[in-house]
Amino acid sequence: MGRRLPVVKAVKAAAPAARRPAKPPPGSAPAPAGGTYPVGSRLPTEHELCAQFGISRFTARAAIRLLSTAGLVTRKQRIGTVVIALPGDARYSQDVASLPDLFQYAQDTELRLVYVGKVTLTRAMARDFGATPGEEWVYAMGLRHEGRGGERSKREARPICITRIFLNPQLKGIETKLRGRKTAIYTMIEREYKVSIQRVEQELRGAVLDADDASNLQTDPGTPALRIVRRYYSDQGVLLEVADNLHPSDRFIYRMELRK
């Protein structure tokens with residue numbers, strides 16, 4: 001029969017105290033044997049999940065969110081929730097269409113900094129940042145993990161990316177604020193320095209992990225990776241933050257929807 005997605009496990013994870021499955025109402029979508037679904041199949045609606053498992057709509061939404069965050073399902077307009085991967089193939093899935101979506105990414109994941117210091121800009125970096133060669137910027141490096149605090153599981157132990165942060169020296173004293181932050185760095189900048197981030201430039205490139213990055217990401221040197229560089233600009237057009245993220249290709253999906 002092939003491998004299938006176990007929806008029952010997601011429901012239990014979302015609500016450990018959920019009641020025993022109830023009998024589905026007439027006209028609802030029939031559930032496959034064992035509550036499992038193959039890739040390409042459509043999951044029941046939230047209403048149908050509530051009836052099938054005897055749970056609230058809040059729990060149904062939480063279960064779908066767990067599957068979506070793990071990169072196992074995607075929601076398509078006028079189609080519903082579709083299975084796109086199986087647990088053994090799971091990777092973090094990020095849907096981005098606006099700045100609030102980037103904020104949600106920071107909420108769903110945790111960046112654990114392992115180094116905070118300063119870096120002197122080379123000519124190439126200065127040209128890239130629109131700065132002066134030899135200028136000192138704040139530099140931080142960390143590993144980003146899926147889930148926050150007690151939400152992490154053994155499967156989430158491996159980091160989903162390594163992140164290098166470069167911060168404009170105009171942000172006086174920011175290095176002392178980085179470790180204790182509770183939000184995305186760019187939102188901390190807005191709050192602490194009374195500026196507004198109005199524009200984010202993003203570049204996606206293919207990459208190959210060197211020995212050091214592969215070791216930090218618990219994988220093999222030469223592993224294919226996706227490099228995402230984001231540049232955050234204030235409403236005055238000043239580059240305040242550069243975030244250079246390196247994702248092993250088997251742990252991350254970047255999804256974007258464009259409409260005419």
# chains A, B, ... in the order shown; residues from 1 in each chain; ligands from 1
>>> residues_around(residues="Leu167 (chain A)", least_positions_apart="5", cutoff="6 Å", atoms="only C-alpha atoms", output="number ranges by chain")
A: 137-138, 240-241
>>> residues_around(residues="Gly206 (chain A)", least_positions_apart="3", cutoff="10 Å", atoms="only C-alpha atoms", output="PyMOL selection string")
chain A and resi 224-228+246-247+249
>>> closest_residue(among="A:Val119, A:Ser234, A:Ala60, A:Val242", to="Glu46 (chain A)", atoms="only C-alpha atoms")
A:Ala60
>>> closest_residue(among="A:Arg123, A:Arg57, A:Arg164, A:His145", to="Asp213 (chain A)", atoms="only C-alpha atoms")
A:Arg164
>>> closest_residue(among="A:Pro169, A:Ile162, A:Thr176, A:Tyr193", to="Val229 (chain A)", atoms="only C-alpha atoms")
A:Ile162
>>> select_by_dssp(residues="region 105-211 of chain A", states="strand (DSSP E or B)", output="JSON, numbers by chain")
{"A": [109, 110, 111, 112, 113, 114, 115, 116, 117, 118, 119, 120, 136, 137, 138, 139, 140, 141, 142, 143, 144, 145, 146, 161, 162, 163, 164, 165, 166, 167, 197, 198, 199, 200, 201, 202, 203, 204, 205, 206, 207, 208]}
>>> atom_distance(atom1="CA of Arg181 (chain A)", atom2="CA of Ala214 (chain A)")
26.8 Å
